[in-house]
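Everything below belongs to input-v7.csv, which stores CSV, N, CA and C atoms.
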```
chain,number,residue,atom,x,y,z
A,25,MET,N,0.8,-1.2,0.0
A,25,MET,CA,0.0,0.0,0.0
A,25,MET,C,0.9,1.2,0.0
A,26,ASP,N,0.5,2.2,-0.9
A,26,ASP,CA,1.3,3.4,-0.9
A,26,ASP,C,0.7,4.5,0.0
A,27,TYR,N,1.5,5.1,0.8
A,27,TYR,CA,1.1,6.1,1.7
A,27,TYR,C,1.6,7.5,1.3
A,28,PRO,N,0.9,8.5,1.5
A,28,PRO,CA,1.4,9.8,1.2
A,28,PRO,C,2.7,10.0,2.1
A,29,VAL,N,3.7,10.6,1.6
A,29,VAL,CA,4.9,10.8,2.3
A,29,VAL,C,5.2,12.3,2.4
A,30,VAL,N,5.5,12.8,3.6
A,30,VAL,CA,5.8,14.2,3.8
A,30,VAL,C,7.3,14.2,4.3
A,31,GLU,N,8.2,14.8,3.6
A,31,GLU,CA,9.6,14.9,4.1
A,31,GLU,C,9.9,16.4,4.5
A,32,VAL,N,10.6,16.4,5.7
A,32,VAL,CA,10.9,17.7,6.3
A,32,VAL,C,12.3,17.7,6.8
A,33,SER,N,13.1,18.7,6.6
A,33,SER,CA,14.4,18.8,7.1
A,33,SER,C,14.4,19.4,8.5
A,34,ALA,N,15.0,18.8,9.5
A,34,ALA,CA,15.1,19.3,10.8
A,34,ALA,C,15.8,20.6,10.9
A,35,SER,N,16.7,20.9,9.9
A,35,SER,CA,17.5,22.1,9.8
A,35,SER,C,16.6,23.3,9.7
A,36,THR,N,15.3,23.2,9.3
A,36,THR,CA,14.4,24.3,9.2
A,36,THR,C,13.9,24.8,10.6
A,37,PHE,N,14.2,24.0,11.6
A,37,PHE,CA,13.7,24.3,13.0
A,37,PHE,C,14.9,24.8,13.8
A,38,SER,N,14.6,25.8,14.6
A,38,SER,CA,15.7,26.5,15.4
A,38,SER,C,16.0,25.7,16.7
A,39,THR,N,15.1,25.0,17.2
A,39,THR,CA,15.2,24.2,18.5
A,39,THR,C,14.6,22.9,18.4
A,40,PRO,N,15.1,21.9,19.2
A,40,PRO,CA,14.4,20.6,19.3
A,40,PRO,C,12.9,20.7,19.7
A,41,GLN,N,12.6,21.7,20.5
A,41,GLN,CA,11.2,21.9,21.0
A,41,GLN,C,10.3,22.3,19.8
A,42,ALA,N,10.9,23.1,18.9
A,42,ALA,CA,10.1,23.5,17.7
A,42,ALA,C,9.8,22.3,16.8
A,43,LEU,N,10.8,21.5,16.7
A,43,LEU,CA,10.6,20.3,15.9
A,43,LEU,C,9.6,19.3,16.5
A,44,LEU,N,9.8,19.2,17.9
A,44,LEU,CA,8.8,18.3,18.6
A,44,LEU,C,7.4,18.8,18.4
A,45,THR,N,7.2,20.1,18.5
A,45,THR,CA,5.9,20.6,18.4
A,45,THR,C,5.3,20.3,17.0
A,46,GLN,N,6.1,20.4,16.0
A,46,GLN,CA,5.6,20.0,14.6
A,46,GLN,C,5.4,18.6,14.5
A,47,VAL,N,6.3,17.7,15.0
A,47,VAL,CA,6.1,16.3,14.9
A,47,VAL,C,4.8,15.9,15.6
A,48,LYS,N,4.6,16.4,16.8
A,48,LYS,CA,3.4,16.0,17.5
A,48,LYS,C,2.1,16.5,16.8
A,49,LYS,N,2.2,17.7,16.2
A,49,LYS,CA,1.0,18.2,15.4
A,49,LYS,C,0.8,17.3,14.2
A,50,ASP,N,1.9,16.9,13.5
A,50,ASP,CA,1.7,16.0,12.4
A,50,ASP,C,1.1,14.7,12.7
A,51,ILE,N,1.5,14.1,13.9
A,51,ILE,CA,0.9,12.8,14.3
A,51,ILE,C,-0.5,13.0,14.7
A,52,THR,N,-0.8,13.9,15.6
A,52,THR,CA,-2.2,14.0,16.2
A,52,THR,C,-3.2,14.6,15.2
A,53,GLN,N,-2.8,15.3,14.2
A,53,GLN,CA,-3.7,15.8,13.3
A,53,GLN,C,-3.9,15.0,12.0
A,54,SER,N,-3.2,13.9,11.9
A,54,SER,CA,-3.2,13.1,10.8
A,54,SER,C,-4.6,12.4,10.7
A,55,THR,N,-5.3,12.4,9.6
A,55,THR,CA,-6.6,11.9,9.5
A,55,THR,C,-6.6,10.6,8.6
A,56,ARG,N,-5.5,10.2,8.1
A,56,ARG,CA,-5.4,9.0,7.3
A,56,ARG,C,-4.0,8.5,7.3
A,57,PRO,N,-3.8,7.2,6.9
A,57,PRO,CA,-2.5,6.7,7.0
A,57,PRO,C,-1.5,7.5,6.1
A,58,GLY,N,-0.3,7.7,6.6
A,58,GLY,CA,0.7,8.4,5.9
A,58,GLY,C,2.1,8.3,6.6
A,59,GLU,N,3.1,8.8,6.0
A,59,GLU,CA,4.4,8.7,6.5
A,59,GLU,C,5.0,10.2,6.6
A,60,PHE,N,5.7,10.4,7.7
A,60,PHE,CA,6.4,11.7,7.9
A,60,PHE,C,7.9,11.3,8.1
A,61,VAL,N,8.7,11.9,7.3
A,61,VAL,CA,10.1,11.6,7.3
A,61,VAL,C,10.8,13.0,7.6
A,62,TYR,N,11.5,13.0,8.8
A,62,TYR,CA,12.3,14.1,9.2
A,62,TYR,C,13.8,13.9,9.0
A,63,ASN,N,14.4,14.6,8.1
A,63,ASN,CA,15.8,14.4,7.8
A,63,ASN,C,16.7,15.3,8.6
A,64,ASP,N,17.9,14.9,8.8
A,64,ASP,CA,18.9,15.8,9.4
A,64,ASP,C,18.6,16.0,10.9
A,65,VAL,N,18.1,15.0,11.6
A,65,VAL,CA,17.8,15.1,13.0
A,65,VAL,C,19.0,14.6,13.8
A,66,SER,N,19.7,15.5,14.4
A,66,SER,CA,20.9,15.1,15.1
A,66,SER,C,20.6,14.1,16.3
A,67,LEU,N,21.6,13.4,16.7
A,67,LEU,CA,21.4,12.5,17.9
A,67,LEU,C,21.1,13.3,19.1
A,68,ALA,N,21.7,14.5,19.2
A,68,ALA,CA,21.4,15.3,20.4
A,68,ALA,C,19.9,15.8,20.4
A,69,TRP,N,19.3,16.0,19.3
A,69,TRP,CA,17.9,16.4,19.2
A,69,TRP,C,17.0,15.1,19.3
A,70,SER,N,17.4,14.0,18.8
A,70,SER,CA,16.5,12.9,18.7
A,70,SER,C,16.1,12.3,20.0
A,71,ARG,N,17.0,12.2,21.0
A,71,ARG,CA,16.7,11.6,22.3
A,71,ARG,C,15.6,12.3,23.0
A,72,PRO,N,15.7,13.6,23.2
A,72,PRO,CA,14.6,14.3,24.0
A,72,PRO,C,13.3,14.3,23.2
A,73,ILE,N,13.4,14.4,21.9
A,73,ILE,CA,12.1,14.3,21.1
A,73,ILE,C,11.5,13.0,21.2
A,74,LEU,N,12.2,11.9,21.0
A,74,LEU,CA,11.7,10.6,21.1
A,74,LEU,C,11.1,10.3,22.5
A,75,ASP,N,11.9,10.7,23.5
A,75,ASP,CA,11.4,10.5,24.9
A,75,ASP,C,10.1,11.3,25.2
A,76,ALA,N,10.0,12.5,24.7
A,76,ALA,CA,8.7,13.3,24.8
A,76,ALA,C,7.6,12.6,24.1
A,77,LEU,N,7.8,12.1,22.9
A,77,LEU,CA,6.7,11.5,22.1
A,77,LEU,C,6.3,10.2,22.8
A,78,GLU,N,7.2,9.4,23.4
A,78,GLU,CA,6.9,8.2,24.1
A,78,GLU,C,6.0,8.4,25.3
A,79,GLU,N,6.2,9.6,25.9
A,79,GLU,CA,5.5,9.9,27.2
A,79,GLU,C,4.2,10.6,26.9
A,80,ASP,N,3.9,11.0,25.7
A,80,ASP,CA,2.7,11.8,25.3
A,80,ASP,C,1.5,10.9,25.1
A,81,GLY,N,0.4,11.1,25.9
A,81,GLY,CA,-0.8,10.3,25.8
A,81,GLY,C,-1.5,10.4,24.4
A,82,GLU,N,-1.5,11.6,23.8
A,82,GLU,CA,-2.1,11.8,22.5
A,82,GLU,C,-1.4,11.0,21.4
A,83,VAL,N,-0.1,11.0,21.5
A,83,VAL,CA,0.7,10.3,20.5
A,83,VAL,C,0.6,8.8,20.7
A,84,GLU,N,0.5,8.4,21.9
A,84,GLU,CA,0.3,6.9,22.2
A,84,GLU,C,-1.0,6.5,21.7
A,85,ALA,N,-2.0,7.3,21.9
A,85,ALA,CA,-3.4,6.9,21.4
A,85,ALA,C,-3.5,6.9,19.9
A,86,SER,N,-2.6,7.5,19.2
A,86,SER,CA,-2.6,7.6,17.8
A,86,SER,C,-2.1,6.3,17.1
A,87,ASN,N,-1.4,5.5,17.9
A,87,ASN,CA,-0.8,4.2,17.4
A,87,ASN,C,0.2,4.5,16.3
A,88,ALA,N,0.8,5.6,16.3
A,88,ALA,CA,1.8,5.9,15.3
A,88,ALA,C,3.1,5.1,15.5
A,89,ARG,N,3.7,4.6,14.5
A,89,ARG,CA,5.0,3.9,14.6
A,89,ARG,C,6.1,4.9,14.4
A,90,ILE,N,7.0,5.0,15.3
A,90,ILE,CA,8.1,6.0,15.3
A,90,ILE,C,9.4,5.3,15.3
A,91,ASN,N,10.3,5.6,14.4
A,91,ASN,CA,11.7,5.1,14.3
A,91,ASN,C,12.7,6.2,14.1
A,92,TYR,N,13.9,5.9,14.6
A,92,TYR,CA,15.0,6.8,14.3
A,92,TYR,C,16.2,6.1,13.9
A,93,ASN,N,16.9,6.5,12.8
A,93,ASN,CA,18.1,5.9,12.4
A,93,ASN,C,19.2,6.8,12.6
A,94,SER,N,20.1,6.5,13.5
A,94,SER,CA,21.2,7.4,13.9
A,94,SER,C,22.3,7.5,12.9
A,95,VAL,N,22.4,6.5,12.0
A,95,VAL,CA,23.4,6.6,10.9
A,95,VAL,C,22.9,7.6,9.8
A,96,THR,N,21.7,7.6,9.4
A,96,THR,CA,21.2,8.5,8.4
A,96,THR,C,20.6,9.8,9.0
A,97,LYS,N,20.5,9.8,10.4
A,97,LYS,CA,19.9,10.9,11.1
A,97,LYS,C,18.4,11.2,10.6
A,98,THR,N,17.7,10.1,10.5
A,98,THR,CA,16.3,10.2,9.9
A,98,THR,C,15.3,9.7,11.0
A,99,MET,N,14.3,10.5,11.2
A,99,MET,CA,13.2,10.1,12.1
A,99,MET,C,12.0,9.8,11.1
A,100,TRP,N,11.4,8.6,11.2
A,100,TRP,CA,10.4,8.2,10.3
A,100,TRP,C,9.2,7.8,11.2
A,101,ILE,N,8.0,8.3,10.8
A,101,ILE,CA,6.8,8.1,11.5
A,101,ILE,C,5.7,7.7,10.5
A,102,ARG,N,5.0,6.6,10.9
A,102,ARG,CA,3.9,6.1,10.1
A,102,ARG,C,2.6,6.3,10.9
A,103,THR,N,1.7,7.0,10.4
A,103,THR,CA,0.4,7.2,11.1
A,103,THR,C,-0.7,6.3,10.5
```
Write the structure described by the file as structure tokens, please.
Amino acid sequence: MDYPVVEVSASTFSTPQALLTQVKKDITQSTRPGEFVYNDVSLAWSRPILDALEEDGEVEASNARINYNSVTKTMWIRT
């Protein structure tokens, strides 16, 4: 099955909190299956973002699949 894919560069965000806010918005406002790919997410940014998403009740309720590849610095989310 093909899903719509949205690619975003983390370099367009000035702080990890700004990226987290966008990621959470993308997950919780998704109304159909899709993929969000965030490129250039540094390891320093990924850990607090992933921890916050893991602890967020709205994100948990969405059943989104969240992955991070530290080699390619890519965070991938399927809703």
Item to check | Spatial neighbours of Glu59 in chain A, 10 Å, only C-alpha atoms, chain gap at least 6 places, as a PyMOL selection string | outcome: chain A and resi 26-31+50-51+88-90+100-103
Output file for the residues above (N, CA and C atoms, as a tab-separated table (two decimals), keeping the file's coordinate frame):
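Output below, filename result28.tsv:
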```
chain	number	residue	atom	x	y	z
A	26	ASP	N	0.50	2.20	-0.90
A	26	ASP	CA	1.30	3.40	-0.90
A	26	ASP	C	0.70	4.50	0.00
A	27	TYR	N	1.50	5.10	0.80
A	27	TYR	CA	1.10	6.10	1.70
A	27	TYR	C	1.60	7.50	1.30
A	28	PRO	N	0.90	8.50	1.50
A	28	PRO	CA	1.40	9.80	1.20
A	28	PRO	C	2.70	10.00	2.10
A	29	VAL	N	3.70	10.60	1.60
A	29	VAL	CA	4.90	10.80	2.30
A	29	VAL	C	5.20	12.30	2.40
A	30	VAL	N	5.50	12.80	3.60
A	30	VAL	CA	5.80	14.20	3.80
A	30	VAL	C	7.30	14.20	4.30
A	31	GLU	N	8.20	14.80	3.60
A	31	GLU	CA	9.60	14.90	4.10
A	31	GLU	C	9.90	16.40	4.50
A	50	ASP	N	1.90	16.90	13.50
A	50	ASP	CA	1.70	16.00	12.40
A	50	ASP	C	1.10	14.70	12.70
A	51	ILE	N	1.50	14.10	13.90
A	51	ILE	CA	0.90	12.80	14.30
A	51	ILE	C	-0.50	13.00	14.70
A	88	ALA	N	0.80	5.60	16.30
A	88	ALA	CA	1.80	5.90	15.30
A	88	ALA	C	3.10	5.10	15.50
A	89	ARG	N	3.70	4.60	14.50
A	89	ARG	CA	5.00	3.90	14.60
A	89	ARG	C	6.10	4.90	14.40
A	90	ILE	N	7.00	5.00	15.30
A	90	ILE	CA	8.10	6.00	15.30
A	90	ILE	C	9.40	5.30	15.30
A	100	TRP	N	11.40	8.60	11.20
A	100	TRP	CA	10.40	8.20	10.30
A	100	TRP	C	9.20	7.80	11.20
A	101	ILE	N	8.00	8.30	10.80
A	101	ILE	CA	6.80	8.10	11.50
A	101	ILE	C	5.70	7.70	10.50
A	102	ARG	N	5.00	6.60	10.90
A	102	ARG	CA	3.90	6.10	10.10
A	102	ARG	C	2.60	6.30	10.90
A	103	THR	N	1.70	7.00	10.40
A	103	THR	CA	0.40	7.20	11.10
A	103	THR	C	-0.70	6.30	10.50
```
Next on the checklist: Given all atoms listed in the file as the basis, pick out the residue of A:Leu67, A:Lys49, A:Asp75, A:Tyr62 nearest to Ser94 in chain A.
Outcome noted: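 Closest candidate: A:Leu67.
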Item to check | Residue neighbourhood Val65 in chain A, 6.5 Å, only N, CA and C atoms, exclusion window fewer than 4 positions, as a PyMOL selection string | outcome: chain A and resi 34-35+69-70+96-99
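Picture a line from CA of Arg56 in chain A to CA of Ala85 in chain A; it runs 14.4 Å.
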Checklist outcome for this item: Correct to one decimal, the distance atom C of Gln53 in chain A-atom C of Glu82 in chain A is 10.5 Å
Checklist entry - Can you list, as number ranges by chain, every residue of chain A that DSSP puts in alpha helix (DSSP H)? => result A: 40-52, 67-79, 81-86
Checklist entry - Ser33 in chain A: which residues within 6.5 Å, counting only N, CA and C atoms, same-chain residues fewer than 5 positions away excluded, as a VMD selection string? => result chain A and resid 61 to 64
Item to check | Members of chain A assigned strand (DSSP E or B) by DSSP, as a PyMOL selection string | outcome: chain A and resi 29-33+59-63+89-93+98-102
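Across the model, the gap from CA of Ser38 in chain A to CA of Glu84 in chain A is 25.8 Å.
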